[in-house]
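Participant: Here you go, this is coords_34.pdb (PDB, C-alpha atoms).
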ATOM      1  CA  MET A   1      13.220   6.650   2.445  1.00  0.00           C
ATOM      2  CA  THR A   2      10.409   5.358   4.593  1.00  0.00           C
ATOM      3  CA  THR A   3       6.871   6.375   3.715  1.00  0.00           C
ATOM      4  CA  ASP A   4       5.005   8.035   6.549  1.00  0.00           C
ATOM      5  CA  ILE A   5       1.805   6.124   5.909  1.00  0.00           C
ATOM      6  CA  PRO A   6      -0.228   7.556   8.830  1.00  0.00           C
ATOM      7  CA  ALA A   7       0.810  11.114   7.867  1.00  0.00           C
ATOM      8  CA  LEU A   8      -0.212  10.618   4.219  1.00  0.00           C
ATOM      9  CA  ILE A   9      -3.556   9.085   5.189  1.00  0.00           C
ATOM     10  CA  SER A  10      -4.175  11.872   7.663  1.00  0.00           C
ATOM     11  CA  LEU A  11      -3.256  14.509   5.064  1.00  0.00           C
ATOM     12  CA  LEU A  12      -5.705  13.125   2.498  1.00  0.00           C
ATOM     13  CA  ALA A  13      -8.474  12.684   5.074  1.00  0.00           C
ATOM     14  CA  ARG A  14      -8.046  16.178   6.557  1.00  0.00           C
ATOM     15  CA  ASN A  15      -8.373  17.632   3.071  1.00  0.00           C
ATOM     16  CA  GLU A  16     -11.591  15.622   2.587  1.00  0.00           C
ATOM     17  CA  VAL A  17     -10.195  13.700  -0.368  1.00  0.00           C
ATOM     18  CA  GLU A  18     -12.448  10.776  -1.311  1.00  0.00           C
ATOM     19  CA  PHE A  19     -10.096   7.814  -1.381  1.00  0.00           C
ATOM     20  CA  ILE A  20      -9.949   4.125  -0.499  1.00  0.00           C
ATOM     21  CA  LEU A  21      -6.904   2.331   0.836  1.00  0.00           C
ATOM     22  CA  ILE A  22      -5.864  -0.603  -1.318  1.00  0.00           C
ATOM     23  CA  GLY A  23      -2.656  -2.591  -1.818  1.00  0.00           C
ATOM     24  CA  GLY A  24      -0.157  -3.503   0.882  1.00  0.00           C
ATOM     25  CA  VAL A  25      -1.292  -0.925   3.434  1.00  0.00           C
ATOM     26  CA  ALA A  26      -4.900  -2.100   3.146  1.00  0.00           C
ATOM     27  CA  GLY A  27      -3.602  -5.659   3.539  1.00  0.00           C
ATOM     28  CA  GLY A  28      -1.703  -4.512   6.621  1.00  0.00           C
ATOM     29  CA  ALA A  29      -4.864  -2.945   8.052  1.00  0.00           C
ATOM     30  CA  HIS A  30      -6.557  -6.340   7.621  1.00  0.00           C
ATOM     31  CA  GLY A  31      -3.715  -8.144   9.410  1.00  0.00           C
ATOM     32  CA  SER A  32      -1.103  -8.902   6.763  1.00  0.00           C
ATOM     33  CA  ALA A  33       2.441  -9.235   8.085  1.00  0.00           C
ATOM     34  CA  ARG A  34       4.072  -8.200   4.794  1.00  0.00           C
ATOM     35  CA  VAL A  35       6.104  -5.016   4.702  1.00  0.00           C
ATOM     36  CA  THR A  36       5.173  -2.394   2.146  1.00  0.00           C
ATOM     37  CA  PHE A  37       7.000   0.801   1.247  1.00  0.00           C
ATOM     38  CA  ASP A  38       4.335   2.839  -0.464  1.00  0.00           C
ATOM     39  CA  LEU A  39       0.750   3.862  -0.011  1.00  0.00           C
ATOM     40  CA  ASP A  40      -1.748   2.861  -2.713  1.00  0.00           C
ATOM     41  CA  VAL A  41      -5.103   4.577  -2.865  1.00  0.00           C
ATOM     42  CA  VAL A  42      -7.900   4.695  -5.392  1.00  0.00           C
ATOM     43  CA  TYR A  43      -9.373   8.196  -5.623  1.00  0.00           C
ATOM     44  CA  ALA A  44     -12.700   9.533  -6.934  1.00  0.00           C
ATOM     45  CA  ARG A  45     -12.367  11.158 -10.360  1.00  0.00           C
ATOM     46  CA  SER A  46     -14.904  13.936  -9.740  1.00  0.00           C
ATOM     47  CA  ARG A  47     -13.644  17.445 -10.505  1.00  0.00           C
ATOM     48  CA  GLU A  48     -14.122  18.527  -6.896  1.00  0.00           C
ATOM     49  CA  ASN A  49     -12.207  15.579  -5.540  1.00  0.00           C
ATOM     50  CA  MET A  50      -9.321  16.014  -7.954  1.00  0.00           C
ATOM     51  CA  ALA A  51      -9.097  19.647  -6.784  1.00  0.00           C
ATOM     52  CA  ARG A  52      -9.010  18.472  -3.138  1.00  0.00           C
ATOM     53  CA  LEU A  53      -6.339  15.916  -4.011  1.00  0.00           C
ATOM     54  CA  VAL A  54      -4.141  18.550  -5.633  1.00  0.00           C
ATOM     55  CA  ARG A  55      -4.682  20.915  -2.695  1.00  0.00           C
ATOM     56  CA  ALA A  56      -3.801  18.166  -0.196  1.00  0.00           C
ATOM     57  CA  LEU A  57      -0.491  17.379  -1.898  1.00  0.00           C
ATOM     58  CA  ARG A  58       0.470  20.941  -2.837  1.00  0.00           C
ATOM     59  CA  ASP A  59       3.146  21.306  -0.136  1.00  0.00           C
ATOM     60  CA  GLN A  60       4.468  17.758  -0.490  1.00  0.00           C
ATOM     61  CA  GLU A  61       6.373  18.272  -3.756  1.00  0.00           C
ATOM     62  CA  PRO A  62       4.748  15.381  -5.652  1.00  0.00           C
ATOM     63  CA  TYR A  63       6.937  14.139  -8.494  1.00  0.00           C
ATOM     64  CA  LEU A  64       6.894  11.137 -10.823  1.00  0.00           C
ATOM     65  CA  ARG A  65       8.681   8.245  -9.144  1.00  0.00           C
ATOM     66  CA  GLY A  66      11.645   6.948 -11.129  1.00  0.00           C
ATOM     67  CA  ALA A  67      11.583   9.857 -13.573  1.00  0.00           C
ATOM     68  CA  PRO A  68      14.766  11.873 -14.121  1.00  0.00           C
ATOM     69  CA  PRO A  69      14.863  15.115 -12.154  1.00  0.00           C
ATOM     70  CA  GLY A  70      13.968  18.357 -13.842  1.00  0.00           C
ATOM     71  CA  LEU A  71      11.022  17.221 -15.962  1.00  0.00           C
ATOM     72  CA  PRO A  72       8.319  19.858 -16.396  1.00  0.00           C
ATOM     73  CA  PHE A  73       5.892  17.879 -14.226  1.00  0.00           C
ATOM     74  CA  ARG A  74       3.264  19.841 -12.353  1.00  0.00           C
ATOM     75  CA  PHE A  75       0.827  18.053 -10.116  1.00  0.00           C
ATOM     76  CA  ASP A  76      -2.173  20.269 -10.794  1.00  0.00           C
ATOM     77  CA  GLU A  77      -5.835  19.699 -11.618  1.00  0.00           C
ATOM     78  CA  TYR A  78      -5.148  19.623 -15.361  1.00  0.00           C
ATOM     79  CA  THR A  79      -2.493  16.917 -14.955  1.00  0.00           C
ATOM     80  CA  VAL A  80      -4.756  14.783 -12.774  1.00  0.00           C
ATOM     81  CA  ARG A  81      -7.691  15.222 -15.150  1.00  0.00           C
ATOM     82  CA  MET A  82      -5.574  14.257 -18.168  1.00  0.00           C
ATOM     83  CA  GLY A  83      -3.959  11.287 -16.398  1.00  0.00           C
ATOM     84  CA  LEU A  84      -5.413   8.436 -14.396  1.00  0.00           C
ATOM     85  CA  ASN A  85      -2.857   6.530 -12.343  1.00  0.00           C
ATOM     86  CA  PHE A  86       0.154   8.286 -10.825  1.00  0.00           C
ATOM     87  CA  THR A  87       3.134   6.757  -9.032  1.00  0.00           C
ATOM     88  CA  LEU A  88       4.567   9.628  -7.043  1.00  0.00           C
ATOM     89  CA  THR A  89       7.288  10.493  -4.612  1.00  0.00           C
ATOM     90  CA  THR A  90       6.376  13.100  -2.023  1.00  0.00           C
ATOM     91  CA  LYS A  91       8.044  14.636   1.001  1.00  0.00           C
ATOM     92  CA  LEU A  92       6.113  12.096   3.078  1.00  0.00           C
ATOM     93  CA  GLY A  93       7.126   9.119   0.937  1.00  0.00           C
ATOM     94  CA  ASP A  94       5.882   7.121  -2.027  1.00  0.00           C
ATOM     95  CA  LEU A  95       2.245   7.449  -2.959  1.00  0.00           C
ATOM     96  CA  ASP A  96       0.374   5.656  -5.748  1.00  0.00           C
ATOM     97  CA  LEU A  97      -2.798   7.444  -6.793  1.00  0.00           C
ATOM     98  CA  LEU A  98      -5.005   5.175  -8.852  1.00  0.00           C
ATOM     99  CA  GLY A  99      -8.060   6.309 -10.762  1.00  0.00           C
ATOM    100  CA  GLU A 100      -8.830   2.736 -11.796  1.00  0.00           C
ATOM    101  CA  VAL A 101      -7.623  -0.603 -10.474  1.00  0.00           C
ATOM    102  CA  VAL A 102      -7.429  -3.926 -12.291  1.00  0.00           C
ATOM    103  CA  GLY A 103      -9.938  -6.296 -10.704  1.00  0.00           C
ATOM    104  CA  GLY A 104     -11.623  -3.464  -8.800  1.00  0.00           C
ATOM    105  CA  GLY A 105     -12.544  -0.685 -11.171  1.00  0.00           C
ATOM    106  CA  PHE A 106     -13.130   2.933 -10.240  1.00  0.00           C
ATOM    107  CA  TYR A 107     -13.606   4.493  -6.801  1.00  0.00           C
ATOM    108  CA  GLU A 108     -17.402   4.260  -7.046  1.00  0.00           C
ATOM    109  CA  GLN A 109     -17.215   0.539  -7.825  1.00  0.00           C
ATOM    110  CA  ILE A 110     -14.866  -0.191  -4.923  1.00  0.00           C
ATOM    111  CA  LEU A 111     -16.717   2.030  -2.415  1.00  0.00           C
ATOM    112  CA  PRO A 112     -19.501  -0.503  -1.655  1.00  0.00           C
ATOM    113  CA  ARG A 113     -16.753  -3.090  -1.152  1.00  0.00           C
ATOM    114  CA  SER A 114     -14.910  -1.005   1.435  1.00  0.00           C
ATOM    115  CA  ILE A 115     -15.084  -0.586   5.194  1.00  0.00           C
ATOM    116  CA  GLU A 116     -14.406   2.353   7.464  1.00  0.00           C
ATOM    117  CA  VAL A 117     -11.240   2.166   9.557  1.00  0.00           C
ATOM    118  CA  GLU A 118      -9.599   4.572  11.960  1.00  0.00           C
ATOM    119  CA  ILE A 119      -5.919   5.191  11.314  1.00  0.00           C
ATOM    120  CA  ALA A 120      -3.781   7.978  12.748  1.00  0.00           C
ATOM    121  CA  GLY A 121      -6.825   9.509  14.392  1.00  0.00           C
ATOM    122  CA  VAL A 122      -8.807   9.874  11.183  1.00  0.00           C
ATOM    123  CA  ARG A 123     -11.521   7.759   9.646  1.00  0.00           C
ATOM    124  CA  CYS A 124     -11.001   6.548   6.103  1.00  0.00           C
ATOM    125  CA  ARG A 125     -12.203   3.839   3.746  1.00  0.00           C
ATOM    126  CA  CYS A 126     -10.266   0.616   3.233  1.00  0.00           C
ATOM    127  CA  ALA A 127     -11.066  -2.019   0.611  1.00  0.00           C
ATOM    128  CA  GLU A 128     -12.638  -5.142   2.085  1.00  0.00           C
ATOM    129  CA  LEU A 129     -10.393  -8.146   2.317  1.00  0.00           C
ATOM    130  CA  GLU A 130     -12.343  -9.989  -0.375  1.00  0.00           C
ATOM    131  CA  ALA A 131     -12.097  -6.982  -2.702  1.00  0.00           C
ATOM    132  CA  LEU A 132      -8.342  -6.793  -2.103  1.00  0.00           C
ATOM    133  CA  ILE A 133      -7.998 -10.462  -2.945  1.00  0.00           C
ATOM    134  CA  ALA A 134      -9.988  -9.948  -6.163  1.00  0.00           C
ATOM    135  CA  MET A 135      -7.673  -7.051  -7.173  1.00  0.00           C
ATOM    136  CA  LYS A 136      -4.514  -8.982  -6.390  1.00  0.00           C
ATOM    137  CA  ARG A 137      -5.798 -12.057  -8.215  1.00  0.00           C
ATOM    138  CA  ALA A 138      -6.622  -9.929 -11.260  1.00  0.00           C
ATOM    139  CA  ALA A 139      -3.154  -8.328 -11.226  1.00  0.00           C
ATOM    140  CA  GLY A 140      -1.747 -11.852 -11.375  1.00  0.00           C
ATOM    141  CA  ARG A 141       1.959 -11.087 -10.909  1.00  0.00           C
ATOM    142  CA  PRO A 142       3.964 -13.652  -8.910  1.00  0.00           C
ATOM    143  CA  LYS A 143       4.291 -11.242  -5.960  1.00  0.00           C
ATOM    144  CA  ASP A 144       0.517 -10.687  -6.032  1.00  0.00           C
ATOM    145  CA  ARG A 145      -0.194 -14.408  -5.885  1.00  0.00           C
ATOM    146  CA  GLU A 146       2.081 -14.695  -2.884  1.00  0.00           C
ATOM    147  CA  ALA A 147       0.210 -11.820  -1.265  1.00  0.00           C
ATOM    148  CA  VAL A 148      -3.127 -13.456  -2.115  1.00  0.00           C
ATOM    149  CA  ALA A 149      -2.034 -16.621  -0.316  1.00  0.00           C
ATOM    150  CA  GLU A 150      -1.579 -14.633   2.884  1.00  0.00           C
ATOM    151  CA  LEU A 151      -4.793 -12.608   2.449  1.00  0.00           C
ATOM    152  CA  GLU A 152      -6.791 -15.800   1.932  1.00  0.00           C
ATOM    153  CA  ARG A 153      -5.229 -17.226   5.087  1.00  0.00           C
ATOM    154  CA  ILE A 154      -6.388 -14.094   6.935  1.00  0.00           C
ATOM    155  CA  LEU A 155      -9.861 -14.666   5.546  1.00  0.00           C
ATOM    156  CA  GLU A 156      -9.788 -18.224   6.889  1.00  0.00           C
ATOM    157  CA  GLN A 157      -8.529 -17.056  10.300  1.00  0.00           C
ATOM    158  CA  ARG A 158     -11.208 -14.429  10.797  1.00  0.00           C
ATOM    159  CA  GLU A 159     -14.189 -15.345  12.851  1.00  0.00           C
ATOM    160  CA  PRO A 160     -17.138 -16.530  10.780  1.00  0.00           C
ATOM    161  CA  ARG A 161     -19.586 -13.759  10.044  1.00  0.00           C
ATOM    162  CA  GLU A 162     -22.904 -13.511  11.801  1.00  0.00           C
ATOM    163  CA  PRO A 163     -25.722 -14.641   9.538  1.00  0.00           C
ATOM    164  CA  ALA A 164     -27.438 -11.642   7.935  1.00  0.00           C
TER     165      ALA A 164
ATOM    166  CA  MET B   1     -21.552  -6.246   3.946  1.00  0.00           C
ATOM    167  CA  LYS B   2     -21.459  -7.606   0.411  1.00  0.00           C
ATOM    168  CA  GLU B   3     -21.335 -11.362  -0.107  1.00  0.00           C
ATOM    169  CA  TYR B   4     -18.614 -12.609  -2.395  1.00  0.00           C
ATOM    170  CA  PRO B   5     -18.628 -15.766  -4.508  1.00  0.00           C
ATOM    171  CA  PRO B   6     -15.845 -18.188  -3.550  1.00  0.00           C
ATOM    172  CA  PHE B   7     -12.561 -17.625  -5.366  1.00  0.00           C
ATOM    173  CA  GLU B   8     -11.454 -20.070  -8.049  1.00  0.00           C
ATOM    174  CA  PRO B   9      -8.790 -22.429  -6.699  1.00  0.00           C
ATOM    175  CA  ASP B  10      -5.353 -21.518  -8.021  1.00  0.00           C
ATOM    176  CA  PRO B  11      -2.627 -24.168  -7.605  1.00  0.00           C
ATOM    177  CA  VAL B  12       0.127 -21.521  -7.302  1.00  0.00           C
ATOM    178  CA  ILE B  13      -1.725 -19.656  -4.553  1.00  0.00           C
ATOM    179  CA  GLU B  14      -2.490 -22.931  -2.774  1.00  0.00           C
ATOM    180  CA  ALA B  15       1.209 -23.817  -2.905  1.00  0.00           C
ATOM    181  CA  TYR B  16       2.173 -20.431  -1.427  1.00  0.00           C
ATOM    182  CA  LYS B  17      -0.444 -20.841   1.318  1.00  0.00           C
ATOM    183  CA  LYS B  18       1.511 -23.701   2.855  1.00  0.00           C
ATOM    184  CA  ASP B  19       4.327 -21.270   3.704  1.00  0.00           C
ATOM    185  CA  VAL B  20       2.200 -18.536   5.252  1.00  0.00           C
ATOM    186  CA  ASP B  21       3.037 -18.087   8.937  1.00  0.00           C
ATOM    187  CA  VAL B  22      -0.430 -18.182  10.487  1.00  0.00           C
ATOM    188  CA  THR B  23       0.909 -17.315  13.956  1.00  0.00           C
ATOM    189  CA  LEU B  24       1.857 -13.834  12.666  1.00  0.00           C
ATOM    190  CA  ILE B  25      -1.636 -13.381  11.263  1.00  0.00           C
ATOM    191  CA  ARG B  26      -3.247 -14.459  14.543  1.00  0.00           C
ATOM    192  CA  GLU B  27      -1.158 -11.932  16.462  1.00  0.00           C
ATOM    193  CA  ASN B  28      -2.044  -9.177  13.994  1.00  0.00           C
ATOM    194  CA  LEU B  29      -5.735  -9.986  14.194  1.00  0.00           C
ATOM    195  CA  LYS B  30      -5.624  -9.192  17.929  1.00  0.00           C
ATOM    196  CA  LEU B  31      -4.671  -5.591  17.061  1.00  0.00           C
ATOM    197  CA  THR B  32      -6.781  -2.700  15.791  1.00  0.00           C
ATOM    198  CA  PRO B  33      -6.200  -1.551  12.175  1.00  0.00           C
ATOM    199  CA  ASP B  34      -4.377   1.519  13.556  1.00  0.00           C
ATOM    200  CA  GLN B  35      -2.058  -0.662  15.652  1.00  0.00           C
ATOM    201  CA  ARG B  36      -1.420  -2.891  12.624  1.00  0.00           C
ATOM    202  CA  ILE B  37      -0.362   0.143  10.569  1.00  0.00           C
ATOM    203  CA  GLN B  38       1.921   1.320  13.398  1.00  0.00           C
ATOM    204  CA  LYS B  39       3.495  -2.140  13.408  1.00  0.00           C
ATOM    205  CA  LEU B  40       3.911  -1.999   9.636  1.00  0.00           C
ATOM    206  CA  MET B  41       5.645   1.392  10.002  1.00  0.00           C
ATOM    207  CA  ALA B  42       8.018  -0.060  12.587  1.00  0.00           C
ATOM    208  CA  MET B  43       8.857  -2.941  10.211  1.00  0.00           C
ATOM    209  CA  GLN B  44       9.371  -0.493   7.354  1.00  0.00           C
ATOM    210  CA  ARG B  45      11.787   1.575   9.466  1.00  0.00           C
ATOM    211  CA  ALA B  46      13.675  -1.555  10.554  1.00  0.00           C
ATOM    212  CA  VAL B  47      14.095  -2.731   6.961  1.00  0.00           C
ATOM    213  CA  GLU B  48      15.305   0.735   5.894  1.00  0.00           C
ATOM    214  CA  GLU B  49      17.804   0.775   8.745  1.00  0.00           C
ATOM    215  CA  LEU B  50      19.104  -2.644   7.729  1.00  0.00           C
ATOM    216  CA  ARG B  51      19.414  -1.546   4.118  1.00  0.00           C
ATOM    217  CA  ARG B  52      21.431   1.492   5.172  1.00  0.00           C
ATOM    218  CA  ALA B  53      23.666  -0.660   7.386  1.00  0.00           C
ATOM    219  CA  VAL B  54      24.326  -3.157   4.571  1.00  0.00           C
ATOM    220  CA  LEU B  55      25.103  -0.323   2.158  1.00  0.00           C
ATOM    221  CA  ALA B  56      27.496   1.325   4.625  1.00  0.00           C
ATOM    222  CA  SER B  57      29.211  -2.000   5.208  1.00  0.00           C
ATOM    223  CA  ARG B  58      29.700  -2.511   1.450  1.00  0.00           C
ATOM    224  CA  VAL B  59      31.166   0.977   1.081  1.00  0.00           C
ATOM    225  CA  ARG B  60      33.591   0.273   3.950  1.00  0.00           C
ATOM    226  CA  GLU B  61      34.600  -3.085   2.417  1.00  0.00           C
ATOM    227  CA  ARG B  62      35.226  -1.464  -0.946  1.00  0.00           C
ATOM    228  CA  ALA B  63      37.336   1.259   0.660  1.00  0.00           C
ATOM    229  CA  ASP B  64      39.346  -1.401   2.530  1.00  0.00           C
ATOM    230  CA  ASP B  65      39.875  -3.379  -0.685  1.00  0.00           C
ATOM    231  CA  ASP B  66      41.072  -0.230  -2.484  1.00  0.00           C
ATOM    232  CA  ARG B  67      43.521   0.542   0.342  1.00  0.00           C
ATOM    233  CA  HIS B  68      44.959  -2.961   0.356  1.00  0.00           C
ATOM    234  CA  SER B  69      45.211  -3.455  -3.393  1.00  0.00           C
ATOM    235  CA  GLY B  70      47.359  -0.312  -3.907  1.00  0.00           C
ATOM    236  CA  PRO B  71      49.065   0.609  -7.205  1.00  0.00           C
ATOM    237  CA  ASP B  72      50.584  -2.203  -9.323  1.00  0.00           C
TER     238      ASP B  72
END
Could you render the structure from this file as structure tokens?
Facilitator:
Amino acid sequence: MTTDIPALISLLARNEVEFILIGGVAGGAHGSARVTFDLDVVYARSRENMARLVRALRDQEPYLRGAPPGLPFRFDEYTVRMGLNFTLTTKLGDLDLLGEVVGGGFYEQILPRSIEVEIAGVRCRCAELEALIAMKRAAGRPKDREAVAELERILEQREPREPA
Amino acid sequence: MKEYPPFEPDPVIEAYKKDVDVTLIRENLKLTPDQRIQKLMAMQRAVEELRRAVLASRVRERADDDRHSGPD
């Protein structure tokens, strides 16, 4: 199943969920040519935001990806509060909700290292390229190092920044 | 925008860098982030379609093999 990335982003944004795009989709927004099949976001762990997150996904039948069917899993505020990182399937596709990211930390730590982008008609936050590279380097899996190689090439290709 | 210290050189990453197709990156950098995501979606759909086609082909091949092998 394909993941409707614009629809998921739009859904979260319309429900005023505080989130930051990370992972392959964020890489794609920065110019990566690698295909990705899920959406990774880091979300704020405030009570209000977790409630918005649950509300946003209520009609999307979120379920644990790879888990056998029929488990008593309920994606509600209690579950989100008790957990941290969730790899989910939804009616719109695969969604990874991360409360904390290796090499990046929590939402509040990544926020100053994010930029605003417009996707699917909504504005949302996307981790800066350098922050993405730091996360991928920290993850350290072979596929991450391959991704880092491309992200660092993008960094080299971008126009030099104006002096502050 | 925050300034970042340079990343530590990693020989594995440097080796991978040699194979990165920079022409694809240059083309992507001409697009807006929204256009890049639309392109990513199109690639995702194409890969899914290919996967389905390969799977269907395997099922057909297996069915053909079963027909031709017959009972001993």
Participant: If the PyMOL selection byres ((chain A) within 8 of (chain B)) were run on this exact file, what residues would it hold? Put them as JSON, numbers by chain.
Facilitator: {"A": [1, 2, 4, 5, 6, 25, 28, 29, 30, 31, 32, 33, 34, 35, 36, 37, 112, 113, 117, 118, 119, 120, 130, 145, 146, 148, 149, 150, 153, 154, 157, 158]}
Participant: Taking the file as shown, find all residues satisfying the PyMOL selection byres ((chain A and resi 76-83) around 12) and write them as a ChimeraX atom specification.
Facilitator: /A:43-59,61-64,72-75,84-87,97-100
Participant: Taking (-10.8, -1.9, -12.4) as a centre in this file's frame and 12 Å as the limit, can you find every polymer residue with an atom that close, using only C-alpha atoms, and give them as a compact mmCIF listing (two decimals) with C-alpha atoms, in the coordinates of the input?
Facilitator:
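Generated file (point32.txt):
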# COMPACT_ATOMS: atom_id res chain seq x y z
CA VAL A 42 -7.90 4.70 -5.39
CA LEU A 84 -5.41 8.44 -14.40
CA ASN A 85 -2.86 6.53 -12.34
CA LEU A 98 -5.00 5.18 -8.85
CA GLY A 99 -8.06 6.31 -10.76
CA GLU A 100 -8.83 2.74 -11.80
CA VAL A 101 -7.62 -0.60 -10.47
CA VAL A 102 -7.43 -3.93 -12.29
CA GLY A 103 -9.94 -6.30 -10.70
CA GLY A 104 -11.62 -3.46 -8.80
CA GLY A 105 -12.54 -0.68 -11.17
CA PHE A 106 -13.13 2.93 -10.24
CA TYR A 107 -13.61 4.49 -6.80
CA GLU A 108 -17.40 4.26 -7.05
CA GLN A 109 -17.22 0.54 -7.82
CA ILE A 110 -14.87 -0.19 -4.92
CA ALA A 131 -12.10 -6.98 -2.70
CA LEU A 132 -8.34 -6.79 -2.10
CA ALA A 134 -9.99 -9.95 -6.16
CA MET A 135 -7.67 -7.05 -7.17
CA LYS A 136 -4.51 -8.98 -6.39
CA ALA A 138 -6.62 -9.93 -11.26
CA ALA A 139 -3.15 -8.33 -11.23
Participant: To one decimal in Å, tell me the separation between CA of Cys126 in chain A and CA of Val41 in chain A.
Facilitator: 8.9 Å
Participant: One number please: CA of Ala147 in chain A to CA of Gly27 in chain A, in Å, one decimal.
Facilitator: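 Result for CA of Ala147 in chain A versus CA of Gly27 in chain A: 8.7 Å, one decimal.
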Participant: Please provide the set of residues having any atom within 7 Å of Asp94 in chain A, restricted to all atoms listed in the file, with same-chain residues fewer than 5 positions apart removed, written as a PyMOL selection string.
Facilitator: chain A and resi 3+38-39+88-89
Participant: Mind giving me the straight-line distance from CA of Arg125 in chain A to CA of Val17 in chain A in Å, one decimal?
Facilitator: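 Straight-line distance from CA of Arg125 in chain A to CA of Val17 in chain A works out to 10.9 Å.
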Participant: Starting from 8 Å padding per side, set up an axis-aligned box that covers all listed atoms of range 16-29 of chain A and hand over centre and edge lengths in Å, one decimal, as AutoDock Vina command-line options.
Facilitator:
--center_x -6.3 --center_y 5.0 --center_z 3.1 --size_x 28.3 --size_y 37.3 --size_z 25.9
